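**Student:** Next comes query33.json, JSON, C-alpha atoms:
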```
[["chain", "number", "residue", "atom", "x", "y", "z"],
["A", 10, "MET", "CA", 105.29, 110.35, 98.57],
["A", 11, "CYS", "CA", 103.51, 112.61, 96.14],
["A", 12, "LEU", "CA", 100.61, 111.46, 93.98],
["A", 13, "VAL", "CA", 100.04, 113.28, 90.68],
["A", 14, "SER", "CA", 96.85, 112.17, 88.97],
["A", 15, "ALA", "CA", 95.03, 113.52, 85.92],
["A", 16, "MET", "CA", 91.39, 114.17, 86.84],
["A", 17, "HIS", "CA", 90.15, 113.96, 83.27],
["A", 18, "ILE", "CA", 89.44, 110.71, 81.53],
["A", 19, "THR", "CA", 91.02, 111.85, 78.28],
["A", 20, "ALA", "CA", 94.34, 112.78, 79.85],
["A", 21, "GLY", "CA", 97.32, 110.90, 81.19],
["A", 22, "ILE", "CA", 100.54, 111.36, 83.10],
["A", 23, "TRP", "CA", 103.83, 110.46, 81.49],
["A", 24, "VAL", "CA", 107.20, 110.23, 83.23],
["A", 25, "ASN", "CA", 110.09, 110.39, 80.83],
["A", 26, "ASP", "CA", 112.83, 112.48, 79.32],
["A", 27, "ASN", "CA", 112.23, 116.12, 78.42],
["A", 28, "GLU", "CA", 113.37, 115.78, 74.81],
["A", 29, "PRO", "CA", 111.31, 117.20, 71.93],
["A", 30, "GLY", "CA", 112.15, 114.40, 69.48],
["A", 31, "LEU", "CA", 110.94, 111.88, 72.03],
["A", 32, "TRP", "CA", 107.71, 113.81, 72.50],
["A", 33, "GLU", "CA", 107.05, 113.50, 68.78],
["A", 34, "ASP", "CA", 107.85, 109.78, 68.82],
["A", 35, "PHE", "CA", 105.61, 109.36, 71.81],
["A", 36, "TRP", "CA", 102.70, 111.24, 70.25],
["A", 37, "GLU", "CA", 102.99, 109.26, 67.00],
["A", 38, "TRP", "CA", 103.18, 105.99, 68.91],
["A", 39, "VAL", "CA", 100.08, 106.72, 70.97],
["A", 40, "GLU", "CA", 98.21, 107.64, 67.78],
["A", 41, "ARG", "CA", 99.29, 104.39, 66.14],
["A", 42, "LEU", "CA", 98.13, 102.17, 69.02],
["A", 43, "ALA", "CA", 94.94, 104.09, 69.81],
["A", 44, "PRO", "CA", 94.03, 105.94, 66.61],
["A", 45, "ALA", "CA", 91.43, 108.67, 66.22],
["A", 46, "ARG", "CA", 88.58, 107.07, 64.28],
["A", 47, "PRO", "CA", 85.02, 108.14, 63.53],
["A", 48, "ASP", "CA", 83.45, 104.78, 64.37],
["A", 49, "TYR", "CA", 84.02, 104.33, 68.10],
["A", 50, "ARG", "CA", 80.82, 103.25, 69.80],
["A", 51, "HIS", "CA", 81.38, 105.94, 72.38],
["A", 52, "HIS", "CA", 80.61, 108.46, 69.64],
["A", 53, "ARG", "CA", 76.95, 107.43, 69.66],
["A", 54, "THR", "CA", 76.72, 109.65, 72.76],
["A", 55, "GLY", "CA", 77.65, 112.67, 70.67],
["A", 56, "GLU", "CA", 81.30, 112.64, 71.76],
["A", 57, "ASP", "CA", 84.12, 112.39, 69.23],
["A", 58, "ASN", "CA", 87.01, 111.59, 71.54],
["A", 59, "GLY", "CA", 86.87, 107.80, 71.84],
["A", 60, "ASP", "CA", 90.55, 107.55, 71.02],
["A", 61, "ALA", "CA", 91.46, 109.91, 73.88],
["A", 62, "HIS", "CA", 89.91, 107.55, 76.43],
["A", 63, "LEU", "CA", 92.03, 104.71, 75.07],
["A", 64, "LYS", "CA", 95.20, 106.81, 74.89],
["A", 65, "ARG", "CA", 94.81, 107.75, 78.55],
["A", 66, "THR", "CA", 94.51, 104.07, 79.42],
["A", 67, "LEU", "CA", 97.57, 103.22, 77.35],
["A", 68, "ILE", "CA", 99.95, 105.63, 79.06],
["A", 69, "ASN", "CA", 98.29, 105.56, 82.52],
["A", 70, "HIS", "CA", 96.88, 108.57, 84.28],
["A", 71, "GLN", "CA", 98.88, 108.89, 87.46],
["A", 72, "VAL", "CA", 102.28, 108.60, 89.05],
["A", 73, "LEU", "CA", 103.46, 108.32, 92.65],
["A", 74, "LEU", "CA", 106.66, 110.28, 93.14],
["A", 75, "PRO", "CA", 108.97, 109.26, 95.98],
["A", 76, "VAL", "CA", 110.17, 112.03, 98.29],
["A", 77, "THR", "CA", 113.44, 111.81, 100.25],
["A", 78, "ASP", "CA", 114.58, 114.53, 102.67],
["A", 79, "GLY", "CA", 111.83, 116.80, 101.40],
["A", 80, "ARG", "CA", 112.78, 116.57, 97.75],
["A", 81, "LEU", "CA", 111.40, 114.57, 94.84],
["A", 82, "ASP", "CA", 113.55, 111.47, 94.49],
["A", 83, "LEU", "CA", 113.47, 111.08, 90.73],
["A", 84, "GLY", "CA", 115.87, 109.24, 88.46],
["A", 85, "PRO", "CA", 118.42, 111.26, 86.47],
["A", 86, "TRP", "CA", 116.14, 111.97, 83.50],
["A", 87, "GLU", "CA", 112.70, 111.51, 84.99],
["A", 88, "GLN", "CA", 110.31, 114.41, 84.50],
["A", 89, "VAL", "CA", 106.56, 114.39, 84.89],
["A", 90, "PHE", "CA", 104.35, 115.38, 81.96],
["A", 91, "TYR", "CA", 100.62, 115.88, 81.61],
["A", 92, "ALA", "CA", 99.38, 114.56, 78.27],
["A", 93, "GLU", "CA", 96.02, 115.88, 77.09],
["A", 94, "PHE", "CA", 94.44, 113.87, 74.30],
["A", 95, "ASP", "CA", 91.19, 115.77, 73.91],
["A", 96, "GLY", "CA", 91.63, 119.35, 75.03],
["A", 97, "GLN", "CA", 88.16, 120.83, 74.83],
["A", 98, "ARG", "CA", 87.80, 121.76, 78.47],
["A", 99, "ARG", "CA", 89.66, 123.41, 81.31],
["A", 100, "LYS", "CA", 91.74, 120.70, 82.94],
["A", 101, "ARG", "CA", 92.84, 119.81, 86.46],
["A", 102, "VAL", "CA", 95.44, 117.59, 88.06],
["A", 103, "VAL", "CA", 95.20, 116.47, 91.68],
["A", 104, "VAL", "CA", 98.41, 116.43, 93.71],
["A", 105, "LYS", "CA", 98.51, 114.76, 97.14],
["A", 106, "VAL", "CA", 101.52, 114.55, 99.43],
["A", 107, "ILE", "CA", 101.64, 111.95, 102.17],
["A", 108, "GLY", "CA", 104.29, 111.05, 104.73],
["A", 109, "GLU", "CA", 107.54, 112.96, 104.40],
["B", 16, "MET", "CA", 102.33, 100.34, 101.41],
["B", 17, "CYS", "CA", 105.53, 99.90, 99.47],
["B", 18, "LEU", "CA", 106.35, 101.83, 96.32],
["B", 19, "VAL", "CA", 108.72, 100.22, 93.83],
["B", 20, "SER", "CA", 109.65, 102.55, 91.00],
["B", 21, "ALA", "CA", 112.21, 102.24, 88.20],
["B", 22, "MET", "CA", 114.41, 105.35, 88.20],
["B", 23, "HIS", "CA", 115.45, 104.96, 84.57],
["B", 24, "ILE", "CA", 113.30, 106.11, 81.70],
["B", 25, "THR", "CA", 114.02, 103.03, 79.65],
["B", 26, "ALA", "CA", 112.91, 100.56, 82.34],
["B", 27, "GLY", "CA", 109.59, 99.43, 83.74],
["B", 28, "ILE", "CA", 108.08, 97.41, 86.54],
["B", 29, "TRP", "CA", 105.93, 94.42, 85.74],
["B", 30, "VAL", "CA", 103.78, 92.45, 88.19],
["B", 31, "ASN", "CA", 102.87, 89.03, 86.93],
["B", 32, "ASP", "CA", 103.53, 85.33, 87.09],
["B", 33, "ASN", "CA", 107.09, 84.00, 87.35],
["B", 34, "GLU", "CA", 106.82, 81.71, 84.33],
["B", 35, "PRO", "CA", 109.53, 81.64, 81.63],
["B", 36, "GLY", "CA", 107.12, 81.05, 78.73],
["B", 37, "LEU", "CA", 105.17, 84.08, 79.81],
["B", 38, "TRP", "CA", 108.35, 86.15, 79.96],
["B", 39, "GLU", "CA", 109.03, 85.29, 76.33],
["B", 40, "ASP", "CA", 105.44, 86.11, 75.33],
["B", 41, "PHE", "CA", 105.72, 89.34, 77.22],
["B", 42, "TRP", "CA", 109.02, 90.35, 75.62],
["B", 43, "GLU", "CA", 107.72, 89.55, 72.13],
["B", 44, "TRP", "CA", 104.51, 91.48, 72.77],
["B", 45, "VAL", "CA", 106.35, 94.58, 73.98],
["B", 46, "GLU", "CA", 108.58, 94.43, 70.90],
["B", 47, "ARG", "CA", 105.55, 94.16, 68.63],
["B", 48, "LEU", "CA", 103.77, 97.18, 70.13],
["B", 49, "ALA", "CA", 106.86, 99.36, 70.56],
["B", 50, "PRO", "CA", 109.40, 98.04, 68.06],
["B", 51, "ALA", "CA", 113.08, 98.92, 67.89],
["B", 52, "ARG", "CA", 113.47, 101.08, 64.78],
["B", 53, "PRO", "CA", 116.28, 103.27, 63.44],
["B", 54, "ASP", "CA", 114.05, 106.23, 62.61],
["B", 55, "TYR", "CA", 112.77, 107.49, 65.95],
["B", 56, "ARG", "CA", 113.16, 111.25, 66.18],
["B", 57, "HIS", "CA", 114.75, 110.78, 69.58],
["B", 58, "HIS", "CA", 117.73, 109.28, 67.76],
["B", 59, "ARG", "CA", 118.67, 112.70, 66.39],
["B", 60, "THR", "CA", 120.16, 113.29, 69.83],
["B", 61, "GLY", "CA", 122.63, 110.44, 69.27],
["B", 62, "GLU", "CA", 120.60, 107.93, 71.29],
["B", 63, "ASP", "CA", 119.42, 104.67, 69.75],
["B", 64, "ASN", "CA", 116.90, 103.59, 72.37],
["B", 65, "GLY", "CA", 113.69, 105.33, 71.31],
["B", 66, "ASP", "CA", 111.79, 102.07, 71.56],
["B", 67, "ALA", "CA", 112.88, 101.59, 75.18],
["B", 68, "HIS", "CA", 111.21, 104.85, 76.21],
["B", 69, "LEU", "CA", 107.97, 103.67, 74.63],
["B", 70, "LYS", "CA", 108.22, 100.18, 76.11],
["B", 71, "ARG", "CA", 108.60, 101.64, 79.59],
["B", 72, "THR", "CA", 105.48, 103.71, 79.03],
["B", 73, "LEU", "CA", 103.57, 100.69, 77.77],
["B", 74, "ILE", "CA", 104.16, 98.51, 80.80],
["B", 75, "ASN", "CA", 104.35, 101.33, 83.39],
["B", 76, "HIS", "CA", 107.34, 102.01, 85.58],
["B", 77, "GLN", "CA", 106.08, 101.56, 89.12],
["B", 78, "VAL", "CA", 103.89, 99.55, 91.43],
["B", 79, "LEU", "CA", 102.48, 100.19, 94.88],
["B", 80, "LEU", "CA", 102.48, 97.01, 96.93],
["B", 81, "PRO", "CA", 99.99, 96.70, 99.78],
["B", 82, "VAL", "CA", 101.38, 95.58, 103.14],
["B", 83, "THR", "CA", 99.24, 93.80, 105.76],
["B", 84, "ASP", "CA", 100.59, 92.78, 109.17],
["B", 85, "GLY", "CA", 104.10, 93.60, 108.04],
["B", 86, "ARG", "CA", 104.02, 91.40, 104.96],
["B", 87, "LEU", "CA", 103.49, 92.12, 101.28],
["B", 88, "ASP", "CA", 99.84, 91.45, 100.53],
["B", 89, "LEU", "CA", 100.17, 90.11, 97.01],
["B", 90, "GLY", "CA", 97.79, 87.94, 95.04],
["B", 91, "PRO", "CA", 98.55, 84.22, 94.69],
["B", 92, "TRP", "CA", 100.78, 84.57, 91.62],
["B", 93, "GLU", "CA", 101.86, 88.17, 91.79],
["B", 94, "GLN", "CA", 105.58, 88.78, 91.64],
["B", 95, "VAL", "CA", 107.39, 92.03, 90.91],
["B", 96, "PHE", "CA", 109.80, 92.22, 87.98],
["B", 97, "TYR", "CA", 112.16, 94.92, 86.76],
["B", 98, "ALA", "CA", 112.17, 95.09, 82.96],
["B", 99, "GLU", "CA", 115.17, 96.81, 81.40],
["B", 100, "PHE", "CA", 114.70, 97.74, 77.75],
["B", 101, "ASP", "CA", 118.00, 99.49, 77.12],
["B", 102, "GLY", "CA", 120.66, 98.17, 79.45],
["B", 103, "GLN", "CA", 123.65, 100.33, 78.77],
["B", 104, "ARG", "CA", 124.04, 101.76, 82.25],
["B", 105, "ARG", "CA", 124.05, 100.79, 85.90],
["B", 106, "LYS", "CA", 120.44, 100.83, 87.04],
["B", 107, "ARG", "CA", 118.57, 101.75, 90.20],
["B", 108, "VAL", "CA", 115.12, 101.18, 91.63],
["B", 109, "VAL", "CA", 113.68, 103.31, 94.40],
["B", 110, "VAL", "CA", 111.72, 101.55, 97.15],
["B", 111, "LYS", "CA", 109.69, 103.56, 99.68],
["B", 112, "VAL", "CA", 107.64, 102.13, 102.52],
["B", 113, "ILE", "CA", 104.92, 104.20, 104.14],
["B", 114, "GLY", "CA", 102.39, 103.44, 106.89],
["B", 115, "GLU", "CA", 102.44, 99.86, 108.12],
["C", 5, "MET", "CA", 94.82, 107.92, 99.70],
["C", 6, "CYS", "CA", 93.16, 104.69, 98.73],
["C", 7, "LEU", "CA", 94.92, 101.94, 96.81],
["C", 8, "VAL", "CA", 92.77, 99.60, 94.71],
["C", 9, "SER", "CA", 94.76, 96.73, 93.24],
["C", 10, "ALA", "CA", 93.68, 93.61, 91.37],
["C", 11, "MET", "CA", 95.21, 90.57, 93.07],
["C", 12, "HIS", "CA", 94.97, 88.37, 89.99],
["C", 13, "ILE", "CA", 97.48, 88.48, 87.19],
["C", 14, "THR", "CA", 94.83, 88.26, 84.51],
["C", 15, "ALA", "CA", 92.85, 91.26, 85.75],
["C", 16, "GLY", "CA", 93.32, 95.01, 85.68],
["C", 17, "ILE", "CA", 91.89, 98.22, 87.05],
["C", 18, "TRP", "CA", 90.54, 100.83, 84.69],
["C", 19, "VAL", "CA", 89.53, 104.39, 85.61],
["C", 20, "ASN", "CA", 87.28, 105.98, 83.04],
["C", 21, "ASP", "CA", 83.77, 106.96, 82.12],
["C", 22, "ASN", "CA", 80.83, 104.70, 82.94],
["C", 23, "GLU", "CA", 79.50, 104.57, 79.36],
["C", 24, "PRO", "CA", 78.54, 101.27, 77.73],
["C", 25, "GLY", "CA", 79.69, 102.25, 74.24],
["C", 26, "LEU", "CA", 83.09, 103.11, 75.67],
["C", 27, "TRP", "CA", 83.26, 99.73, 77.41],
["C", 28, "GLU", "CA", 82.77, 98.03, 74.07],
["C", 29, "ASP", "CA", 85.41, 100.21, 72.42],
["C", 30, "PHE", "CA", 87.74, 99.47, 75.30],
["C", 31, "TRP", "CA", 87.21, 95.72, 75.15],
["C", 32, "GLU", "CA", 87.73, 95.66, 71.37],
["C", 33, "TRP", "CA", 90.88, 97.77, 71.69],
["C", 34, "VAL", "CA", 92.39, 95.54, 74.34],
["C", 35, "GLU", "CA", 91.66, 92.49, 72.18],
["C", 36, "ARG", "CA", 93.32, 94.15, 69.19],
["C", 37, "LEU", "CA", 96.53, 95.02, 71.04],
["C", 38, "ALA", "CA", 96.77, 91.79, 73.06],
["C", 39, "PRO", "CA", 94.79, 89.20, 71.11],
["C", 40, "ALA", "CA", 93.73, 85.78, 72.31],
["C", 41, "ARG", "CA", 95.90, 83.31, 70.38],
["C", 42, "PRO", "CA", 96.57, 79.59, 70.74],
["C", 43, "ASP", "CA", 100.34, 79.88, 70.35],
["C", 44, "TYR", "CA", 101.51, 81.82, 73.41],
["C", 45, "ARG", "CA", 104.48, 80.10, 75.01],
["C", 46, "HIS", "CA", 102.74, 80.39, 78.35],
["C", 47, "HIS", "CA", 100.27, 77.79, 77.07],
["C", 48, "ARG", "CA", 102.93, 75.10, 77.26],
["C", 49, "THR", "CA", 102.13, 75.08, 80.99],
["C", 50, "GLY", "CA", 98.59, 73.96, 80.22],
["C", 51, "GLU", "CA", 97.12, 77.45, 80.59],
["C", 52, "ASP", "CA", 95.18, 79.08, 77.77],
["C", 53, "ASN", "CA", 95.08, 82.65, 79.01],
["C", 54, "GLY", "CA", 98.33, 84.15, 77.73],
["C", 55, "ASP", "CA", 96.46, 87.10, 76.30],
["C", 56, "ALA", "CA", 94.91, 87.90, 79.68],
["C", 57, "HIS", "CA", 98.35, 88.40, 81.23],
["C", 58, "LEU", "CA", 99.24, 90.86, 78.49],
["C", 59, "LYS", "CA", 95.89, 92.66, 78.70],
["C", 60, "ARG", "CA", 96.38, 93.22, 82.41],
["C", 61, "THR", "CA", 99.79, 94.71, 81.72],
["C", 62, "LEU", "CA", 98.37, 96.96, 79.01],
["C", 63, "ILE", "CA", 95.72, 98.60, 81.15],
["C", 64, "ASN", "CA", 97.60, 98.40, 84.49],
["C", 65, "HIS", "CA", 96.34, 96.60, 87.55],
["C", 66, "GLN", "CA", 96.00, 99.27, 90.19],
["C", 67, "VAL", "CA", 95.01, 102.83, 90.94],
["C", 68, "LEU", "CA", 95.68, 105.16, 93.85],
["C", 69, "LEU", "CA", 92.64, 107.28, 94.58],
["C", 70, "PRO", "CA", 93.15, 110.63, 96.32],
["C", 71, "VAL", "CA", 90.95, 111.32, 99.35],
["C", 72, "THR", "CA", 90.07, 114.87, 100.48],
["C", 73, "ASP", "CA", 87.98, 115.58, 103.58],
["C", 74, "GLY", "CA", 87.12, 111.92, 103.85],
["C", 75, "ARG", "CA", 85.78, 111.57, 100.32],
["C", 76, "LEU", "CA", 87.27, 110.21, 97.11],
["C", 77, "ASP", "CA", 88.63, 113.15, 95.15],
["C", 78, "LEU", "CA", 87.90, 111.94, 91.64],
["C", 79, "GLY", "CA", 87.56, 113.95, 88.45],
["C", 80, "PRO", "CA", 84.06, 114.63, 87.09],
["C", 81, "TRP", "CA", 83.76, 111.40, 85.11],
["C", 82, "GLU", "CA", 86.26, 109.16, 86.80],
["C", 83, "GLN", "CA", 84.95, 105.81, 87.96],
["C", 84, "VAL", "CA", 86.95, 102.75, 88.92],
["C", 85, "PHE", "CA", 86.39, 99.47, 87.07],
["C", 86, "TYR", "CA", 87.73, 95.97, 87.58],
["C", 87, "ALA", "CA", 88.46, 94.30, 84.24],
["C", 88, "GLU", "CA", 88.70, 90.52, 84.30],
["C", 89, "PHE", "CA", 90.32, 89.02, 81.22],
["C", 90, "ASP", "CA", 90.26, 85.35, 82.20],
["C", 91, "GLY", "CA", 87.44, 84.67, 84.62],
["C", 92, "GLN", "CA", 87.88, 81.09, 85.62],
["C", 93, "ARG", "CA", 88.37, 81.65, 89.33],
["C", 94, "ARG", "CA", 86.93, 83.54, 92.25],
["C", 95, "LYS", "CA", 88.57, 86.94, 92.24],
["C", 96, "ARG", "CA", 89.77, 89.44, 94.83],
["C", 97, "VAL", "CA", 90.77, 93.08, 94.92],
["C", 98, "VAL", "CA", 92.85, 94.56, 97.71],
["C", 99, "VAL", "CA", 91.87, 98.01, 99.00],
["C", 100, "LYS", "CA", 94.18, 99.90, 101.36],
["C", 101, "VAL", "CA", 93.51, 103.34, 102.82],
["C", 102, "ILE", "CA", 96.36, 105.40, 104.19],
["C", 103, "GLY", "CA", 96.53, 108.91, 105.68],
["C", 104, "GLU", "CA", 93.24, 110.76, 105.63]]
```
Go ahead and express the file in the form of structure tokens.
**Tutor:**
Amino acid sequence: MCLVSAMHITAGIWVNDNEPGLWEDFWEWVERLAPARPDYRHHRTGEDNGDAHLKRTLINHQVLLPVTDGRLDLGPWEQVFYAEFDGQRRKRVVVKVIGE
Amino acid sequence: MCLVSAMHITAGIWVNDNEPGLWEDFWEWVERLAPARPDYRHHRTGEDNGDAHLKRTLINHQVLLPVTDGRLDLGPWEQVFYAEFDGQRRKRVVVKVIGE
Amino acid sequence: MCLVSAMHITAGIWVNDNEPGLWEDFWEWVERLAPARPDYRHHRTGEDNGDAHLKRTLINHQVLLPVTDGRLDLGPWEQVFYAEFDGQRRKRVVVKVIGE
């Protein structure tokens, strides 16, 4: 199995179809449920990315990919995406393979 | 540990109580947060299931079940459900056991 | 890798920054998307915590923490939190370490 996990608390991992219209729907949906707003309490620290922390929580920040016979065992349309909701820093993803 | 992962991008995995009232609450809640609508951009591809992709993202599509002494080590009310939000095709779930 | 999973179906696991303002934002956000209401169908069983089941689903109930050289390999601000949305009972979390 292969763990893919976003190491930044304003980023998530999304497993879905690689279709540009869907990306737009997805982005709009995340903004609707966890909107950018000036008045998050987190902003009292000087940050302005309170929404990004919520967006990451909404979509989840990691996925565990099954491996069979040395290959990723994904469904027919499953692809793994990194979704960055803040974007001000250099970003990292940790990947760990265990077992096969 | 045992990974259970929906292989279809319109389906999710839900771990909760096996209680029919809760299922209805759950279904209604998912519809409220990720409603079926005609105007998703994804529908320009000919699909009509844009909401199902969002619903899957909302509830997550996999769970990793701990195993202790050869048995699933679930909490007192935890049960694993497959939630299909589209339903037009034959569906598969991948199950991988690692370690114990 | 280290699995941390809430064993109670009204509790979740949250990985984010340890910042009190953010906790408040997070709590308010979860309440907005999965509000406490008297009329959940689940309440016909005598329970009054229908919202807690939905809140757990929203934020997810487990995380898989990567381990490198015997230490948790977390991002710079990642910390693991247990979020209890009901609170009427003694609670447990299962932790499983596999591989390194």
**Student:** Contacts between region 21-36 of chain B and region 13-108 of chain A, please, where a residue of region 13-108 of chain A counts if it comes within 12 Å (with only C-alpha atoms); show its shortest atom pair and distance in Å to one decimal, rows by chain and ascending number, as CSV.
**Tutor:**
```
residue,atom,partner,partner_atom,distance
A:Trp23,CA,B:Ile24,CA,10.4
A:Val24,CA,B:Ile24,CA,7.5
A:Asn25,CA,B:Ile24,CA,5.4
A:Asp26,CA,B:Ile24,CA,6.8
A:Asn27,CA,B:Ile24,CA,10.6
A:Glu28,CA,B:Ile24,CA,11.9
A:Leu31,CA,B:Ile24,CA,11.5
A:Val72,CA,B:Ala21,CA,11.8
A:Leu73,CA,B:Ala21,CA,11.5
A:Leu74,CA,B:Met22,CA,10.4
A:Pro75,CA,B:Met22,CA,10.3
A:Leu81,CA,B:Met22,CA,11.8
A:Asp82,CA,B:Met22,CA,8.8
A:Leu83,CA,B:Met22,CA,6.3
A:Gly84,CA,B:Met22,CA,4.2
A:Pro85,CA,B:His23,CA,7.2
A:Trp86,CA,B:Ile24,CA,6.8
A:Glu87,CA,B:Ile24,CA,6.4
A:Gln88,CA,B:Ile24,CA,9.3
A:Val89,CA,B:Ile24,CA,11.1
```
**Student:** Using only C-alpha atoms, please write the residues we just selected to a file, as a short mmCIF file (atom, residue, chain, number, x, y, z; two decimals), in the coordinates of the input.
**Tutor:**
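result.cif, written as the output of this step:
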```cif
data_model
loop_
_atom_site.label_atom_id
_atom_site.label_comp_id
_atom_site.auth_asym_id
_atom_site.auth_seq_id
_atom_site.Cartn_x
_atom_site.Cartn_y
_atom_site.Cartn_z
CA TRP A 23 103.83 110.46 81.49
CA VAL A 24 107.20 110.23 83.23
CA ASN A 25 110.09 110.39 80.83
CA ASP A 26 112.83 112.48 79.32
CA ASN A 27 112.23 116.12 78.42
CA GLU A 28 113.37 115.78 74.81
CA LEU A 31 110.94 111.88 72.03
CA VAL A 72 102.28 108.60 89.05
CA LEU A 73 103.46 108.32 92.65
CA LEU A 74 106.66 110.28 93.14
CA PRO A 75 108.97 109.26 95.98
CA LEU A 81 111.40 114.57 94.84
CA ASP A 82 113.55 111.47 94.49
CA LEU A 83 113.47 111.08 90.73
CA GLY A 84 115.87 109.24 88.46
CA PRO A 85 118.42 111.26 86.47
CA TRP A 86 116.14 111.97 83.50
CA GLU A 87 112.70 111.51 84.99
CA GLN A 88 110.31 114.41 84.50
CA VAL A 89 106.56 114.39 84.89
#
```
**Student:** Please find the residues of chain C near chain B - the criterion being any atom within 9 Å, counting all atoms listed in the file - and write them as a PyMOL selection string.
**Tutor:** chain C and resi 7+9-14+37-38+44-49+54+57-58+60-68+96-100+102-103
**Student:** Take CA of Asp95 (chain A) and CA of Arg46 (chain A) and report the distance between them in Å, one decimal.
**Tutor:**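 Separation between CA of Asp95 (chain A) and CA of Arg46 (chain A): 13.2 Å.
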**Student:** Give the padded box for region 82-98 of chain C as lines of an AutoDock Vina configuration file: axis-aligned, covering all atoms listed in the file, 8 Å on each side, centre and edge lengths in Å to one decimal.
**Tutor:**
```
center_x = 88.9
center_y = 95.1
center_z = 89.5
size_x = 23.9
size_y = 44.1
size_z = 32.5
```
**Student:** Given the choices C:Trp31, C:Val101, C:Arg94, C:Ala40, which gets closest to Asn53 (chain C) if the distance is worked out from all atoms listed in the file?
**Tutor:** C:Ala40
**Student:** Calculate how many Å separate CA of Asp57 (chain A) from CA of Pro44 (chain A), rounding to one decimal.
**Tutor:** 12.1 Å
